[in-house]
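K.L.:
After the structure tokens below, expect a handful of questions from me.
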Amino acid sequence: MARATLMAAHREYGEAVTSLERHAEYLRKKYGADILLLHCPELAIASEDIRKMAGENRLPGDLLPRAVADYIAERGLYTDEATKGGNNQ
């Protein structure tokens with residue numbers, strides 16, 4: 001673990017955040033792991049809804065960071081073409 005940097009993203013869910021922080025600290029001490037915790041705000045939309053809207057070419061720009069909406073649109077993620085090509089991740 002000392003050769004890699006791990007990043008864990010989480011939303012603000014109280015006790016779950018504290019648990020993740022404790023576990024990251026344990027791994028840092030035991031293995032010398034380089035672990036970064038990315039604090040993400042909770043979005044007012046579910047990922048399933050984002051995928052559905054993207055597949056219909058109507059991304060919710062007001063509910064997603066502009067960079068995320070652009071990334072999805074530029075790569076055609078969650079569209080029929082992406083699904084056929086195995087690029088729907």
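Residue names in the structure tokens use chain letters A, B, ... in the order shown, residue numbers from 1 in each chain, and ligand numbers from 1 in the order shown.
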List the neighbours of Asp62 (chain A) out to 12 Å using only C-alpha atoms; skip same-chain residues closer than 3 positions along the sequence, and give me the result as a PDB file with C-alpha atoms, in the first residue's frame.
P.N.:
```pdb
ATOM      1  CA  LEU A  43     -26.527  15.940  -4.649  1.00  0.00           C
ATOM      2  CA  ALA A  44     -30.271  16.358  -4.983  1.00  0.00           C
ATOM      3  CA  ILE A  45     -30.376  13.699  -7.697  1.00  0.00           C
ATOM      4  CA  ILE A  50     -28.420  11.078 -14.108  1.00  0.00           C
ATOM      5  CA  ARG A  58     -30.907  15.940 -21.381  1.00  0.00           C
ATOM      6  CA  LEU A  59     -28.299  16.291 -18.648  1.00  0.00           C
ATOM      7  CA  PRO A  65     -21.142  20.323 -11.613  1.00  0.00           C
ATOM      8  CA  ARG A  66     -20.549  21.676 -15.140  1.00  0.00           C
ATOM      9  CA  ALA A  67     -17.333  19.630 -15.507  1.00  0.00           C
ATOM     10  CA  VAL A  68     -19.219  16.393 -14.741  1.00  0.00           C
ATOM     11  CA  ALA A  69     -22.012  17.157 -17.223  1.00  0.00           C
TER      12      ALA A  69
END
```
K.L.:
If you count only C-alpha atoms, which residues fall within 10 Å of region 3-13 of chain A, apart from same-chain ones fewer than 6 positions away, as a count of residues only?
P.N.:
15
K.L.:
Kindly give the distance, in Å, that separates CA of Asp80 (chain A) and CA of Leu63 (chain A), rounded to a single decimal.
P.N.:
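Answer for the CA of Asp80 (chain A) to CA of Leu63 (chain A) separation: 22.6 Å.
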K.L.:
Compare A:Tyr31, A:Ser47, A:Glu25, A:Leu77 by their minimum atom-to-atom distance to Leu64 (chain A), counting only C-alpha atoms, and give me the closest one.
P.N.:
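The answer is A:Ser47, which sits nearest to Leu64 (chain A).
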K.L.:
Step one, run DSSP on the backbone; step two, keep only residues of chain A assigned to strand (DSSP E or B); then write them as a VMD selection string.
P.N.:
chain A and resid 5 to 11 34 to 40
K.L.:
To one decimal place in Å, what is the distance between CA of Ile72 (chain A) and CA of Pro60 (chain A)?
P.N.:
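Result for CA of Ile72 (chain A) versus CA of Pro60 (chain A): 11.2 Å, one decimal.
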